[in-house]
There are 2 protein chains.
Amino acid sequence: MTPKEYQYLGKGRRLVEGLDKVTGRARYAGDVVLPGMLHARPLLSPYAHAKIVSIDKSAAACMPGVVAVLTADDLPTRDRVMASRNSAVLAKERVLFRGQPVAVVVGETPAAAQDGADAVAIEYEPLPVVADMLQAMAPDAPLIWPEGLPRAESDLTAAHAAVETEAETLARTPSNVHAEDHFKRGDVVQGFREADVIIERTYTSPIVHQTYMEPHAAVAEPDPYRGSVTIYTGTQGQFMVRDEVARILGLPKSKVRIVPQTLGGGFGAKYGIIEPLVGAVALTLQRPVRLALTRSEDFLTTTPSPACRIELKIGAKKDGALTAIQARVLLDNGVFAFALGGIAATLLGGYYKCSHVQIDFYEVLTNKPQAGAYRAPTAPQATFALESHMDELARALQLDPLELRLKNAAETGDPTGTGEIWPDMGLKVVLETLKEHPAWQNRVTGPNEGIGLAVGGWPCFMTPSSAICRVDSDGTVRLHLGSVDISGVNSSLVLVAAEVLGVSPDQIELIQGDTVTGPYGAHSGGSQTTYSMSGAVANAAAEAKRKLLELASDHFEARAEDLEIRNGLVQVKGVPGHTVSLGELVEVAQTKGGGPGPIVGEGHAAVEQNAPAFTVHLAKVRVDPETGQVTPIQYVVVQDVGFALNPLMVEGQIHGGAVQSLGWALQEAMLYDDEGQLLTGSLMDYAVPKFDSVPGIEAVLVNNPSPLGPFGARGVGEPPITAGPAAIANAIRDAVGVRLTDLPLRSERVWQALQEKREA
Amino acid sequence: MTPKEYQYLGKGRRLVEGLDKVTGRARYAGDVVLPGMLHARPLLSPYAHAKIVSIDKSAAACMPGVVAVLTADDLPTRDRVMASRNSAVLAKERVLFRGQPVAVVVGETPAAAQDGADAVAIEYEPLPVVADMLQAMAPDAPLIWPEGLPRAESDLTAAHAAVETEAETLARTPSNVHAEDHFKRGDVVQGFREADVIIERTYTSPIVHQTYMEPHAAVAEPDPYRGSVTIYTGTQGQFMVRDEVARILGLPKSKVRIVPQTLGGGFGAKYGIIEPLVGAVALTLQRPVRLALTRSEDFLTTTPSPACRIELKIGAKKDGALTAIQARVLLDNGVFAFALGGIAATLLGGYYKCSHVQIDFYEVLTNKPQAGAYRAPTAPQATFALESHMDELARALQLDPLELRLKNAAETGDPTGTGEIWPDMGLKVVLETLKEHPAWQNRVTGPNEGIGLAVGGWPCFMTPSSAICRVDSDGTVRLHLGSVDISGVNSSLVLVAAEVLGVSPDQIELIQGDTVTGPYGAHSGGSQTTYSMSGAVANAAAEAKRKLLELASDHFEARAEDLEIRNGLVQVKGVPGHTVSLGELVEVAQTKGGGPGPIVGEGHAAVEQNAPAFTVHLAKVRVDPETGQVTPIQYVVVQDVGFALNPLMVEGQIHGGAVQSLGWALQEAMLYDDEGQLLTGSLMDYAVPKFDSVPGIEAVLVNNPSPLGPFGARGVGEPPITAGPAAIANAIRDAVGVRLTDLPLRSERVWQALQEKREA
C-alpha cells in the first residue's frame, strides 16, 4: 500500500480526546478524589542555601483539621541518599536552593493544610550562595557539595534521551564543575589554519521553564496490608516513574502502581518530581493524599531547562565550506547533576559537515533548582549559537545564507558532534524545500523588517513497545497501550489501527493503561512515541485482522488472502455486495468451539535505529527602532516529518513547538538574584507567548520517509522548538543590523544594541 | 509433563485474594464511592397482582435531600417491551409479582432516599392472583399474560447454560403454560411392558433462593457528553451483563461499560437484575447513582430457582436393568419465561442407560418473581426425583443401591435425556471409587441412623476465552483476564501460569478486566470458568515463555529448547549454576532495538467439547423419632474433577456445594401464601445451613482427566449441589423407613411421615 492509497492515514483528523477536554470531562491528576483523601501542602525553602536550625511543628500540629506535619525524618526515605531533585523528597539539615521542599503539612481539607503550613516555624541560618554559573566555576567559589556529589544508583538523569554522555563523572576533586567531556574529530588548529574567515562569539541563554498548563499534581493511595502504593499522576511515562518511585522509596517495583491521568503538558518535566513525596506521605500516614502545586510552587521547585553559555569559534573557506568548529559549552545544572552536554555536542558538531571539530563541555553546580529536560533539551541553546554564527559567516563571506547551509548540511552517514553516525536524515531536503517556497522565493522586507533563517533538528529516539488490539462483538476495536498521550499521538495511533484493519477511526477506542494494566510502551519523550508505538499498534491490528479473515474465510468459503475489510465489513476483494461485519465475526469467534478464540492481537515493535528529524525556520520580524520591540510578522516551519500519519496533529505539534521557540527567542527567562531568589515566580513575571504575540505559523510538512519507522513516520515533537531563537536573532540582524547573542531578545536588549550601534 | 512432575499444579494453594477479603480491602460493588454520587431506593410492589391506579410523588419530591422520584415513564426504557425480570426495570400500569419495582427514589444520602421512598403514595387496585403452579395450569385460571407472553430479542434466558431447549414457544394459544417440550427415545409403553418392577411417584421441590452473602448492589456513572454509562457491579459475567444492559437501555454496546467488582457470591443470579435500573436512573439524572438492595428486597425482587414438580415412573428388570423412564416435569417460571426444562430432561434421561425414555416438560407462569439460575439449575430437583426413585428400585429388587447404579450408569457415548451424546464422562469411576472407600466398605449405622447414596452430575459448559500474559522488569508476571472469580478460579489460574512459566505463584498477579480493559473471557457460570480460561492462560504464558527463551538463547548462546525456567530463573537444562532472571531478560526486551519487544503473550482457547462431571454423595443421618429432626452426621462427596489444578479450591467448591445441597435437602424454601405474599423474606424466616447444622464433609477427588480440558481439568462448581437432597432422603428412608418426596425434608414433614407410618 502506498500513501496515496491510504484511506485514513495522512488525512487530518481531530483529537480523539477533544470532547473530553473541551467539556471538562478529561480527568487530570488534580481531579482525582478518593474516599478519605487528605491534602498536602509543602513548605519550600525561602533561602537558596541555609542550615535548618529547627522546625517547630507544635502550633501547626494542634490546629483543627491538621493531620500531620512531616519532615524528612518522618518519611520512609529518611535514610536514603538525595542525589537528584526526584530523590530530594524533603530537605535534611540544610537547604540548597530556593524552593526546596523542607516539610509537608497534611490536612483533612486543603484549607486546613494551608493554615497548618502557615503555622510551622522553621528557623534557618543562611549560608553563602553560589547563584551564578561563572561564579561557581571560580577557583575560590564555595562548594555546593564539599564532600562530592551524592550518588544513588541509576537516576532518571537524562532519561528523556537515549544519548550516553560518557561524561567523566567519577573520582573528581570536589568542584562545582561536577562533570565535563571533550569530543574531537580532526584537529581544529589545522582547521582554523585552513579558514579564510573565522568568527568567534559567546552566546548565552537563561533558565527557561517548561510552563505546562497543568502544574504538578498527584494523588497517592496506600495499601496498608501490602505496603504498596498507587499513584494517580500526570506523567509522560508511567513505567519510568514507577521505577523511579520504587527506587526512591526503597520498594520493589511491584509495590508501586502508577496510574497516568490526562496530562496537561509535560515537555520533559513530568517524570517523577513530586510522586516520591506524595507516595512517601501516603505510606507514612496510611491514607490517600493529594498534592497539587500552585503555579508559583511549580516555578520554584521543579526542574527547568539549564542556563547555558556557549563560546563558539567557526572557520570557513571563501566558498563557504566549514573548516573548523570549536565550542566550549557551560551548562548550569543547579544543585544536582543533570548532564545534557552530550546532546548539545551532538548538534553543535552534527548539523554540518566539517573535518575539524572540538567540543568541550562542563556541567556546573549552583544553588538553584536542578536542571531538567525541556523539549529537545539544549538544542535551542546550541542551535541559537550555531545558527546565529552561520548567519554571520554568510554575511562575512557574502553568501546566500540558505546556500551556505545547503552547501555544508550533513547527510546520512556523516558524523554527529559526538562521533556517532547520522542514520537516514533529511536536512538538505528541508533546505531545498524552503528554497523553492514562496516565503523564500518572494521575500520582501519593508523598513525595519528583516528575514532570518535557522535550521534545527533532533536525533529522535525510540523504545521497544507493545500493543494489544481487541475487537468486540459490536465491531468496536480497542487498543490497549502503556504509553501516554501528550501531543495528539493517540489520535494518530487510532488512524494506524484504522488503516491496517480497514475500519473507521470512529470505531476505535484507545485505552491508556497503567503500570499494572498496560502493556509496556515507550514513554512520551525524545520525540519517540509515534515512532515507537505505531509499529506495535500496526502489528497488533494486523494480527487481529489475520484472525478475523481466518473466520471470514470459513464464512465466504474463500481464501483469507482473497478477502478484504472495507469500512468495517469483510468482503471478497472487489465483490462489495456480500459482506459480513466485524461484530458478526467476533460473535462467532466468542462462541465457536475449536475456533480462533476471541479476537485479540498482540503486536510489538523494537525499531533498530532512530530517525532524526530536521527543520528550517524562516522568521520575518519588524523592529521598532524607538523601543526595540520585535514583532514577528511571518513564520514558516519546513520540517521533515517522514510521513505525517495525522497531518492535523503534526501541524499542531509544529505550531506548539514554534510558539515555545518564540518564547525562548523573545520573552522567557527565569531570573535569580545574587542570593538565588527567583524573581520571576509567577505568570505575571515570567512571560510566555500569548495569542497576540504570535504570528500566523505556516507548517510545511516534508514527507521524507524514515526507512524503519512505521509508514515512514519520524518523530515530530522536538525539532520545531530548536530553531526559533536563531531565526529571530538573524531576522533582527537583517532588519536593524544588530547581532544579539544573549537570550531572550527582549525590547530593552534590542534597544540597547541599537543605541550602541548608533553611538558607534 | 505429567501431573507427578508439576511443581505448582495439583498442590493446594490458598486464595490469591484472601488477604483482601479478610482485611476488608476487597472492594465490592456496594463499596464504590464516586464524587457526587446519589443513592437510590426502590419501591417494590406490595401486591402480587394489581393495577397501579396512581403514584403521588408530590410529598416525596419536596423533601430535603430528595433529588428525584422516578417511575417507568421517566426512564429511557419507557417504551421498551418488558419480557424478563432484567428488562422489567420499573412496572407499568400493573404489577405482576410481590416485590416488582414500581418506582425509585433518589436522594443525596441513603437516608434522604429512604425518607422519600416512605413518602411516595401509590394506590393499587388488587387483581386475582395465580400463586400456585397447578392452579395456574387449570383451564379456568386467570391468565398472567392474556395477550401472550411479551417477547424481546435475545433475552439472557438460560444464558447460564449452553443447552438449547428447543422449547416450542411460538404461536401458542395464550395460557399460563408458556412453553413445553417432549423428548423421547424408544417407546416407554414397550419399556414398561418389559419391566419386572415399576415404581411411580411424584416429587416436589420449592422455590429456593441463591442466598449469596452479598445482596445485589451496583453504582452507575453516566457520561453526559457521550450518552454512555459505566456500571460498577458484582456480576458473574461482565460481557454478558454489558450486552444485556445495552439491549435493555437501547444503547450500542460500546456505550455501556461494566466494571466487575469483587463478587460476594452469585450462584447464577448475578447477571443483570438491577444494572438496567441503576443505569437508566443514572442516565436520566446524569449523575452517579448507587443502588444496594437490602436482604429482604433481594429475596423479594430477584430470580430464585423455580419450584418444580416431577411425576416419575421407572421400570426395571429383576437384575436391575432399567427398561423405561417416564417423567412429566412442571417448572414454575414466575411471571416471565425462564425455560430450564431441557436441563432437567438431559439429566433425568441421561444418568442411566435405558432404551425407552419419555420426558415431557411444561414451563408455567405464576404471579411470582421470575425464576432464575441457581447452581446447576434444575439438577437438584431432577436428581432428587431420579435418585430417590433409584433407591426405591433397589429396595424393591433387593439389590445393593450402589451396584444398581453401577449396573445402569451411563458411559461416554450414551445418550442424554434430550438425545445428545455424552462426551467423555466418569460416572462409573466415581461409583467404583466410593465402592472401595471406607465410608462405604465399613458402613455401620446405629439406631435411627441411616445411610443414603445418590449420584449427581452436570454437563459443564465452555466458552472461547482469551488471556494476556505480561512479564515486568522485576520479574512480576501479570495475567490480564476478562473473567470474574467466584470460587477461587483465579487462585487456580495463577498456578497454571506458574507451572507453564516456571515461576513462583507469588510472582504472578491477576488483573480482572472490565468490558473495556479486559480481553473477552468466559463468564463464571455453567461450571465453565476454569475449563475455558485455563487453556487461554496456559497458552498466553507459553507465548511469553517462548519470547523469554528467545532472548535467553542469545544470552546463553544456546538453543532455546535447551533452556528451562526454574523458580523464575532461566538456565541451561540441568546446569543450575549460571542463571539469568526473568526481570533481567525483560529489561533487555524493553531496550533492545530489533529484539522481540516487551514480553507480552496472547493466548486463547476455544475447547471443542464439554467435559461433564459426575459425583456420588454418601450421607449418614440420625433421625430423632420424637421430633423428626434429621441430623447429618457424615457426608462424603466423591467427584470426578478431571484434574484438580488447585485441590484446596476444588475441595472448597465441593464443600460449598454440598452445604448448599444440604440446605436444599433439609431447610430451604421460599414460601408464598395464596395471595402471592412471600412468607420467608428474611434470613430469620428463610433458613440456610449454618456451621452447627453441617457435618464434616469429606471431598474425595477423582482425577479422571478430561481429554480436551487444560491439564485434564473438568468443571467443578455445579455437580456438588445436585445429589444432596436425594442422598439425605435415602438416608432417612434407611434410618426410619419413611420415603419423603417433598423438599425440604424438615422435621415436621419427617415427624408427620413417621406418624403416618405408625398409624398405618
# chains A, B, ... in the order shown; residues from 1 in each chain; ligands from 1
$ residues_around --residues "Gly488 in chain B" --least-positions-apart "5" --cutoff "10 Å" --atoms "only C-alpha atoms" --output "list in words"
Arg14, Leu15, Val16, Glu17, Gly18, Leu493, Thr530, Asn646, Leu648, Met649, Val650, Gly652 and Gln653 of chain B
$ select_by_dssp --residues "range 551-734 of chain B" --states "helix (DSSP H, G or I)" --output "ChimeraX atom specification"
/B:551-556,560-562,582-589,647-666,691-693,710-712,719-722,724-734
$ interface_residues --of "chain A" --to "chain B" --cutoff "8 Å" --atoms "only C-alpha atoms" --output "count of residues only"
42
$ closest_residue --among "B:Asp196, B:Glu244, B:Glu214, B:Asp79" --to "Leu397 in chain B" --atoms "only C-alpha atoms"
B:Asp196
$ atom_distance --atom1 "CA of Ile732 in chain B" --atom2 "CA of Ala454 in chain B"
12.7 Å
$ residues_around --residues "Pro146 in chain A" --least-positions-apart "5" --cutoff "12 Å" --atoms "only C-alpha atoms" --output "list of chain:residue names"
A:Ala141, A:Arg172, A:Thr173, A:Pro174, A:Ser175, A:Asn176, A:Val177, A:His178, A:Leu365
$ atom_distance --atom1 "CA of Ile728 in chain B" --atom2 "CA of Leu743 in chain B"
10.6 Å
